[in-house]
>>> print(open('start_5.txt').read())   # compact mmCIF, C-alpha atoms and all ligand atoms
# COMPACT_ATOMS: atom_id res chain seq x y z
CA MET A 1448 96.75 -99.53 202.07
CA LYS A 1449 99.04 -97.36 204.17
CA ILE A 1450 99.34 -97.10 207.95
CA GLU A 1451 101.09 -94.07 209.36
CA ILE A 1452 102.04 -94.12 213.01
CA LYS A 1453 102.99 -90.65 214.14
CA ASN A 1454 104.72 -89.65 217.40
CA LEU A 1455 102.91 -92.42 219.23
CA THR A 1456 103.37 -92.50 222.99
CA LYS A 1457 101.60 -94.67 225.54
CA THR A 1458 102.01 -94.01 229.23
CA TYR A 1459 100.20 -96.48 231.47
CA THR A 1460 98.50 -95.47 234.70
CA GLY A 1461 101.33 -95.21 237.20
CA GLY A 1462 103.55 -93.42 234.70
CA PHE A 1463 105.23 -96.31 232.86
CA LYS A 1464 106.01 -95.33 229.27
CA ALA A 1465 105.46 -98.46 227.14
CA LEU A 1466 105.79 -96.56 223.83
CA ASP A 1467 107.93 -93.49 223.40
CA ASN A 1468 107.37 -91.27 220.37
CA VAL A 1469 107.15 -94.04 217.77
CA ASP A 1470 107.09 -93.03 214.08
CA LEU A 1471 106.50 -95.73 211.52
CA THR A 1472 104.91 -96.16 208.10
CA ILE A 1473 103.68 -99.56 206.99
CA THR A 1474 102.60 -100.39 203.44
CA ASP A 1475 101.23 -103.51 201.69
CA GLY A 1476 103.03 -106.75 202.42
CA MET A 1477 104.26 -108.62 205.42
CA PHE A 1478 105.67 -106.44 208.17
CA GLY A 1479 107.57 -107.86 211.14
CA LEU A 1480 107.72 -106.09 214.49
CA LEU A 1481 110.60 -107.60 216.44
CA GLY A 1482 111.64 -106.92 220.01
CA PRO A 1483 112.31 -108.61 223.34
CA ASN A 1484 109.56 -109.23 225.88
CA GLY A 1485 108.41 -105.95 227.37
CA ALA A 1486 109.49 -103.89 224.33
CA GLY A 1487 105.96 -102.51 223.82
CA LYS A 1488 104.85 -104.66 220.87
CA SER A 1489 101.48 -105.71 222.32
CA THR A 1490 100.80 -102.15 223.40
CA LEU A 1491 101.36 -100.98 219.82
CA MET A 1492 99.19 -103.82 218.45
CA ARG A 1493 96.36 -102.98 220.85
CA ILE A 1494 96.44 -99.34 219.77
CA LEU A 1495 96.40 -100.36 216.09
CA VAL A 1496 93.32 -102.55 216.58
CA THR A 1497 91.60 -99.68 218.45
CA LEU A 1498 91.34 -101.58 221.74
CA MET A 1499 93.44 -98.90 223.43
CA GLN A 1500 93.97 -95.17 223.01
CA PRO A 1501 97.47 -93.69 222.79
CA THR A 1502 98.48 -91.03 225.30
CA GLU A 1503 99.89 -88.93 222.49
CA GLY A 1504 100.22 -89.19 218.73
CA GLN A 1505 98.12 -90.61 215.95
CA VAL A 1506 97.54 -93.63 213.76
CA LEU A 1507 96.27 -92.92 210.24
CA VAL A 1508 94.98 -95.56 207.86
CA ASP A 1509 94.96 -94.27 204.29
CA GLY A 1510 95.10 -90.77 205.71
CA LYS A 1511 92.23 -91.16 208.21
CA GLU A 1512 92.72 -91.14 211.99
CA ILE A 1513 91.62 -94.59 213.23
CA SER A 1514 89.59 -93.44 216.23
CA SER A 1515 87.35 -91.48 213.84
CA PHE A 1516 86.16 -94.62 212.05
CA ARG A 1517 86.59 -97.35 214.61
CA LYS A 1518 83.62 -99.39 213.37
CA GLU A 1519 84.78 -99.53 209.74
CA MET A 1520 88.32 -100.07 210.93
CA ARG A 1521 87.29 -103.17 212.88
CA LYS A 1522 85.53 -104.50 209.77
CA MET A 1523 88.69 -104.40 207.72
CA LEU A 1524 90.70 -105.95 210.52
CA GLY A 1525 91.65 -109.53 211.35
CA TYR A 1526 93.32 -109.85 214.77
CA LEU A 1527 94.94 -112.76 216.50
CA PRO A 1528 95.82 -111.58 220.00
CA GLN A 1529 98.62 -113.10 222.03
CA ASP A 1530 96.32 -114.61 224.64
CA PHE A 1531 93.64 -115.86 222.26
CA ARG A 1532 91.03 -118.05 224.01
CA PHE A 1533 88.24 -120.24 222.67
CA PHE A 1534 84.76 -120.80 223.93
CA SER A 1535 84.98 -124.27 225.39
CA LYS A 1536 81.61 -125.50 224.12
CA LEU A 1537 82.17 -125.09 220.37
CA ARG A 1538 83.49 -127.44 217.72
CA SER A 1539 86.15 -126.04 215.40
CA TRP A 1540 83.70 -125.39 212.56
CA GLU A 1541 81.11 -123.89 214.92
CA PHE A 1542 83.71 -121.55 216.29
CA LEU A 1543 84.58 -120.30 212.80
CA ASP A 1544 80.91 -120.01 211.92
CA TYR A 1545 80.42 -117.91 215.04
CA ALA A 1546 83.40 -115.71 214.11
CA ALA A 1547 81.93 -115.26 210.60
CA ARG A 1548 78.57 -114.22 212.04
CA LEU A 1549 80.27 -111.73 214.35
CA ALA A 1550 82.08 -110.32 211.32
CA GLY A 1551 78.71 -109.66 209.68
CA MET A 1552 78.47 -112.57 207.24
CA ASN A 1553 74.73 -113.08 207.37
CA SER A 1554 74.17 -115.60 204.60
CA LYS A 1555 74.28 -119.11 206.03
CA ARG A 1556 75.32 -120.64 202.71
CA GLU A 1557 78.14 -118.14 202.19
CA ARG A 1558 79.31 -118.70 205.78
CA GLY A 1559 79.27 -122.48 205.33
CA GLU A 1560 81.42 -122.24 202.22
CA ARG A 1561 83.86 -119.83 203.79
CA VAL A 1562 84.21 -121.92 206.98
CA GLU A 1563 85.06 -125.01 204.89
CA GLU A 1564 87.52 -123.04 202.81
CA MET A 1565 89.28 -121.72 205.92
CA LEU A 1566 89.37 -125.13 207.61
CA GLU A 1567 91.02 -126.51 204.46
CA SER A 1568 93.54 -123.71 204.14
CA VAL A 1569 94.78 -123.99 207.74
CA GLY A 1570 94.85 -127.80 207.55
CA LEU A 1571 92.08 -128.41 210.07
CA TYR A 1572 89.34 -129.81 207.86
CA GLU A 1573 89.64 -133.31 209.31
CA PHE A 1574 89.41 -131.82 212.81
CA ARG A 1575 86.33 -129.73 212.03
CA ASN A 1576 84.18 -131.65 214.51
CA ARG A 1577 86.70 -131.62 217.33
CA MET A 1578 85.95 -129.32 220.27
CA ALA A 1579 88.11 -126.22 219.79
CA ASN A 1580 89.63 -126.42 223.26
CA LYS A 1581 90.70 -130.04 222.65
CA LEU A 1582 92.97 -129.14 219.73
CA SER A 1583 96.77 -129.17 220.17
CA GLY A 1584 98.59 -125.86 220.76
CA GLY A 1585 99.60 -125.50 217.11
CA MET A 1586 96.11 -126.37 215.86
CA LYS A 1587 94.58 -123.81 218.21
CA ARG A 1588 96.91 -121.19 216.79
CA ARG A 1589 95.86 -122.19 213.26
CA LEU A 1590 92.20 -122.01 214.20
CA GLY A 1591 92.99 -118.58 215.65
CA ILE A 1592 94.43 -117.41 212.35
CA ALA A 1593 91.42 -118.87 210.50
CA GLN A 1594 89.01 -116.80 212.61
CA ALA A 1595 91.14 -113.71 211.99
CA LEU A 1596 90.96 -114.26 208.22
CA ILE A 1597 87.38 -115.44 207.89
CA ALA A 1598 85.93 -112.13 206.68
CA ARG A 1599 88.79 -111.45 204.22
CA PRO A 1600 90.34 -108.55 206.15
CA SER A 1601 92.74 -106.16 204.45
CA LEU A 1602 94.68 -105.54 207.67
CA ILE A 1603 95.82 -108.61 209.58
CA ILE A 1604 97.54 -108.32 212.93
CA VAL A 1605 99.05 -111.34 214.66
CA ASP A 1606 100.67 -110.94 218.06
CA GLU A 1607 103.38 -113.47 219.05
CA PRO A 1608 101.74 -116.32 217.12
CA THR A 1609 104.55 -118.87 217.34
CA THR A 1610 105.37 -118.65 221.05
CA GLY A 1611 105.14 -122.09 222.63
CA LEU A 1612 104.89 -123.98 219.33
CA ASP A 1613 107.23 -126.86 218.56
CA PRO A 1614 109.60 -126.34 215.60
CA GLU A 1615 107.44 -128.24 213.11
CA GLU A 1616 104.28 -126.31 213.99
CA ARG A 1617 106.25 -123.07 213.97
CA ILE A 1618 107.39 -123.67 210.38
CA ARG A 1619 103.88 -124.66 209.36
CA PHE A 1620 102.46 -121.51 210.90
CA ARG A 1621 105.08 -119.31 209.20
CA ASN A 1622 104.27 -120.87 205.83
CA LEU A 1623 100.60 -120.20 206.46
CA LEU A 1624 101.37 -116.54 207.17
CA SER A 1625 103.50 -116.20 204.02
CA ASP A 1626 100.70 -117.64 201.91
CA MET A 1627 98.29 -115.01 203.21
CA GLY A 1628 100.07 -112.01 201.73
CA HIS A 1629 98.10 -110.52 198.81
CA SER A 1630 98.31 -107.17 197.15
CA ASP A 1631 96.38 -104.53 199.01
CA THR A 1632 96.77 -106.40 202.29
CA ILE A 1633 98.96 -105.55 205.24
CA ILE A 1634 100.01 -108.29 207.62
CA ILE A 1635 101.71 -107.20 210.81
CA LEU A 1636 103.47 -109.93 212.72
CA SER A 1637 104.72 -109.12 216.18
CA THR A 1638 107.28 -111.50 217.64
CA HIS A 1639 110.35 -111.87 219.84
CA ILE A 1640 111.50 -114.81 217.68
CA VAL A 1641 113.95 -113.76 214.98
CA GLY A 1642 113.22 -116.80 212.79
CA ASP A 1643 109.58 -115.70 212.40
CA ILE A 1644 110.76 -112.52 210.69
CA SER A 1645 113.61 -113.89 208.59
CA SER A 1646 111.40 -116.50 206.98
CA THR A 1647 108.39 -114.32 206.21
CA CYS A 1648 108.78 -110.53 206.25
CA ASN A 1649 110.01 -108.11 203.60
CA GLN A 1650 109.89 -105.12 205.96
CA MET A 1651 110.61 -104.95 209.64
CA ALA A 1652 111.05 -102.75 212.68
CA LEU A 1653 112.93 -103.29 215.92
CA LEU A 1654 111.35 -102.06 219.11
CA ASN A 1655 113.19 -101.89 222.41
CA GLU A 1656 112.02 -100.36 225.70
CA GLY A 1657 109.24 -98.52 223.88
CA SER A 1658 111.49 -96.95 221.24
CA LEU A 1659 111.74 -97.75 217.57
CA ILE A 1660 115.36 -98.47 216.85
CA TYR A 1661 115.38 -99.88 213.33
CA ASN A 1662 112.97 -99.72 210.42
CA GLY A 1663 113.87 -101.24 207.07
CA THR A 1664 114.45 -104.56 205.38
CA PRO A 1665 115.75 -107.63 207.23
CA ASP A 1666 118.54 -107.80 204.61
CA HIS A 1667 119.78 -104.32 205.47
CA LEU A 1668 119.87 -105.15 209.18
CA VAL A 1669 121.97 -108.20 208.33
CA GLU A 1670 124.35 -106.05 206.24
CA LEU A 1671 124.90 -103.79 209.23
CA ALA A 1672 126.29 -106.76 211.17
CA ASP A 1673 128.81 -107.61 208.45
CA GLY A 1674 132.29 -107.80 209.97
CA TYR A 1675 130.99 -108.39 213.48
CA VAL A 1676 130.43 -112.15 213.49
CA TRP A 1677 133.36 -114.50 214.20
CA ARG A 1678 134.29 -118.14 214.59
CA ALA A 1679 137.29 -119.22 216.69
CA GLU A 1680 138.87 -122.28 218.28
CA ILE A 1681 139.73 -121.34 221.85
CA SER A 1682 140.88 -122.89 225.13
CA GLN A 1683 138.76 -123.12 228.28
CA ALA A 1684 140.66 -120.15 229.78
CA GLU A 1685 140.12 -118.03 226.65
CA TYR A 1686 136.46 -119.00 226.68
CA GLU A 1687 136.07 -117.75 230.25
CA SER A 1688 137.58 -114.35 229.40
CA LEU A 1689 135.82 -113.99 226.02
CA LYS A 1690 132.36 -114.61 227.37
CA SER A 1691 132.63 -111.59 229.65
CA GLU A 1692 133.45 -109.38 226.66
CA VAL A 1693 131.14 -110.37 223.80
CA PRO A 1694 127.95 -112.39 223.28
CA ILE A 1695 128.91 -115.97 222.42
CA ILE A 1696 126.17 -117.44 220.25
CA SER A 1697 127.34 -121.02 219.80
CA THR A 1698 129.72 -123.33 221.62
CA ILE A 1699 130.82 -126.75 220.37
CA PRO A 1700 133.42 -128.88 222.22
CA SER A 1701 136.54 -129.20 220.07
CA GLY A 1702 139.78 -131.02 220.98
CA GLY A 1703 139.94 -130.12 224.68
CA GLY A 1704 138.70 -126.56 224.03
CA TRP A 1705 135.77 -124.94 222.24
CA GLU A 1706 134.76 -123.88 218.78
CA VAL A 1707 132.72 -120.76 219.35
CA GLN A 1708 130.88 -118.16 217.32
CA PHE A 1709 130.60 -114.69 218.77
CA VAL A 1710 129.38 -111.27 217.68
CA GLY A 1711 130.92 -107.85 218.18
CA GLU A 1712 134.43 -106.45 218.02
CA LYS A 1713 137.10 -109.17 217.84
CA PRO A 1714 139.66 -108.85 220.65
CA ASP A 1715 143.18 -108.67 219.11
CA ARG A 1716 144.46 -111.64 221.12
CA ILE A 1717 141.84 -113.99 219.63
CA ASP A 1718 142.58 -115.71 216.34
CA ALA A 1719 139.20 -115.82 214.58
CA VAL A 1720 137.69 -115.99 211.08
CA ARG A 1721 134.82 -113.84 209.90
CA VAL A 1722 131.42 -115.44 209.41
CA ASP A 1723 128.65 -114.18 207.13
CA PRO A 1724 125.98 -112.71 209.41
CA ASN A 1725 122.34 -113.78 209.49
CA LEU A 1726 119.38 -111.98 211.07
CA GLU A 1727 119.84 -113.72 214.40
CA HIS A 1728 123.45 -112.51 214.59
CA ALA A 1729 122.37 -109.01 213.60
CA TYR A 1730 119.70 -108.94 216.30
CA VAL A 1731 122.09 -110.13 219.03
CA HIS A 1732 124.73 -107.66 217.89
CA TYR A 1733 122.28 -104.83 217.79
CA MET A 1734 120.76 -105.57 221.18
CA ASP A 1735 124.25 -105.82 222.69
CA ASN A 1736 125.39 -102.49 221.33
CA LYS A 1737 122.18 -100.48 221.33
CA LEU A 1738 122.23 -97.15 219.57
CA GLU A 1739 125.75 -95.97 220.39
CA HIS A 1740 127.42 -98.41 218.08
CA TRP A 1741 124.89 -98.64 215.27
CA ASN A 1742 123.79 -95.07 215.09
CA LEU A 1743 120.60 -96.08 213.32
CA LYS A 1744 118.34 -93.23 214.33
P1 LIG B 1 105.68 -106.79 224.54
O1 LIG B 1 104.43 -107.14 223.81
O2 LIG B 1 106.77 -106.28 223.63
O3 LIG B 1 106.18 -107.89 225.43
P2 LIG B 1 104.00 -105.01 226.11
O4 LIG B 1 103.42 -103.98 225.22
O5 LIG B 1 103.13 -106.15 226.53
O6 LIG B 1 105.38 -105.54 225.51
O7 LIG B 1 104.52 -104.30 227.45
C1 LIG B 1 105.43 -103.22 227.41
C2 LIG B 1 105.66 -102.76 228.84
O8 LIG B 1 104.48 -102.15 229.34
C3 LIG B 1 106.03 -103.88 229.80
O9 LIG B 1 107.04 -103.41 230.66
C4 LIG B 1 104.75 -104.12 230.56
O10 LIG B 1 105.02 -104.57 231.86
C5 LIG B 1 104.09 -102.75 230.56
N1 LIG B 1 102.61 -102.86 230.55
C6 LIG B 1 101.85 -103.56 229.68
N2 LIG B 1 100.53 -103.42 229.97
C7 LIG B 1 100.47 -102.61 231.06
C8 LIG B 1 99.39 -102.07 231.86
N3 LIG B 1 98.10 -102.33 231.56
N4 LIG B 1 99.71 -101.27 232.89
C9 LIG B 1 101.01 -100.99 233.19
N5 LIG B 1 102.07 -101.44 232.49
C10 LIG B 1 101.81 -102.25 231.44
>>> encode(input="start_5.txt", output="structure tokens")
Amino acid sequence: MKIEIKNLTKTYTGGFKALDNVDLTITDGMFGLLGPNGAGKSTLMRILVTLMQPTEGQVLVDGKEISSFRKEMRKMLGYLPQDFRFFSKLRSWEFLDYAARLAGMNSKRERGERVEEMLESVGLYEFRNRMANKLSGGMKRRLGIAQALIARPSLIIVDEPTTGLDPEERIRFRNLLSDMGHSDTIIILSTHIVGDISSTCNQMALLNEGSLIYNGTPDHLVELADGYVWRAEISQAEYESLKSEVPIISTIPSGGGWEVQFVGEKPDRIDAVRVDPNLEHAYVHYMDNKLEHWNLK
């Protein structure tokens, strides 16, 4: 499958441009859309799932404009929105059964089997009789992904799925997402959490203030930060001056002063050693320097 996003712009009523001329091609595999809150990620997701029309531009799936086959498009789609809510009166299994019926699975036997299979694969089988709204936050998110996957979609879109989860649930959810990737399936994961991307995605894009500012592999983004991550032992006075110049990403007390890591250009007066960058460093560095420094476009 191939999704082509061409010159996509969304201007909300009132004139606010949430997406500005976005061009992006997404192919099979796990794709991460990373950006700070307000970057335009949900807007892009809502256009992709045909809940919203762009102001300008097009989205093509395997060469066909999505608004021309919205019904079929929704059939091939599994969507977990950011603000996913459950009907309060349903047990977990009933909720999935309902989702399966909505997705057009008419055979009761087939539905029953599929619901059990999904409950097992998201680790909720023993909670199948619990009311959906009584599950913990992480379990709700897993039930949400189960409903998105119930009809074996070939395009899966999950919007900020790990927000608010504790670290253990976050890792569990990421593993669940990684396990879902099959050939001929696209999974798009939108997030403002760098760790979601580094542990799951082979392709990614960075969105900021409605503009696409990077599209490529996470590894390449990390390479671009090589030479811009530093570790230094500094005094309190040096710390005060350094923090106004560069983003300091970690601070550990050390013999009356601080051991810090920072990203960006090293000031000459600071004695520092280079550190191998990771995706988090690359993201901070990029966001601090924007396009001028990286010249990615
Ligand atoms: P993200 O998902 O990256 O946090 P969103 O797509 O939700 O970003 O929002 C992008 C920008 O568009 C934000 O500044 C937001 O306030 C604005 N926005 C979102 N929805 C609407 C709307 N219905 N009307 C006006 N502005 C909106």
>>> residues_near_ligand(input="start_5.txt", ligand="ligand LIG 1 (chain B)", cutoff="9 Å", atoms="all atoms listed in the file", output="PyMOL selection string")
chain A and resi 1457-1466+1481-1493+1529+1606-1607+1637-1639+1654-1657
>>> atom_distance(input="start_5.txt", atom1="CA of Ile1640 in chain A", atom2="CA of Pro1600 in chain A")
24.9 Å
>>> residues_around(input="start_5.txt", residues="range 1530-1535 of chain A", least_positions_apart="5", cutoff="12 Å", atoms="all atoms listed in the file", output="number ranges by chain")
A: 1489, 1541-1543, 1545-1546, 1577-1582, 1584, 1587-1592, 1594-1595, 1605-1611
>>> write_last_selection(input="start_5.txt", atoms="C-alpha atoms", output="compact mmCIF listing (two decimals), keeping the file's coordinate frame")
# COMPACT_ATOMS: atom_id res chain seq x y z
CA SER A 1489 101.48 -105.71 222.32
CA GLU A 1541 81.11 -123.89 214.92
CA PHE A 1542 83.71 -121.55 216.29
CA LEU A 1543 84.58 -120.30 212.80
CA TYR A 1545 80.42 -117.91 215.04
CA ALA A 1546 83.40 -115.71 214.11
CA ARG A 1577 86.70 -131.62 217.33
CA MET A 1578 85.95 -129.32 220.27
CA ALA A 1579 88.11 -126.22 219.79
CA ASN A 1580 89.63 -126.42 223.26
CA LYS A 1581 90.70 -130.04 222.65
CA LEU A 1582 92.97 -129.14 219.73
CA GLY A 1584 98.59 -125.86 220.76
CA LYS A 1587 94.58 -123.81 218.21
CA ARG A 1588 96.91 -121.19 216.79
CA ARG A 1589 95.86 -122.19 213.26
CA LEU A 1590 92.20 -122.01 214.20
CA GLY A 1591 92.99 -118.58 215.65
CA ILE A 1592 94.43 -117.41 212.35
CA GLN A 1594 89.01 -116.80 212.61
CA ALA A 1595 91.14 -113.71 211.99
CA VAL A 1605 99.05 -111.34 214.66
CA ASP A 1606 100.67 -110.94 218.06
CA GLU A 1607 103.38 -113.47 219.05
CA PRO A 1608 101.74 -116.32 217.12
CA THR A 1609 104.55 -118.87 217.34
CA THR A 1610 105.37 -118.65 221.05
CA GLY A 1611 105.14 -122.09 222.63
>>> closest_residue(input="start_5.txt", among="A:Glu1519, A:Leu1471, A:Val1562, A:Gln1505", to="Arg1548 in chain A", atoms="all atoms listed in the file")
A:Val1562
>>> residues_around(input="start_5.txt", residues="range 1448-1450 of chain A", least_positions_apart="2", cutoff="8 Å", atoms="all atoms listed in the file", output="list in words")
Ile1452, Thr1472, Ile1473, Thr1474, Asp1475, Val1506, Leu1507, Val1508, Asp1509, Gly1510, Asp1631, Thr1632 and Ile1633 of chain A
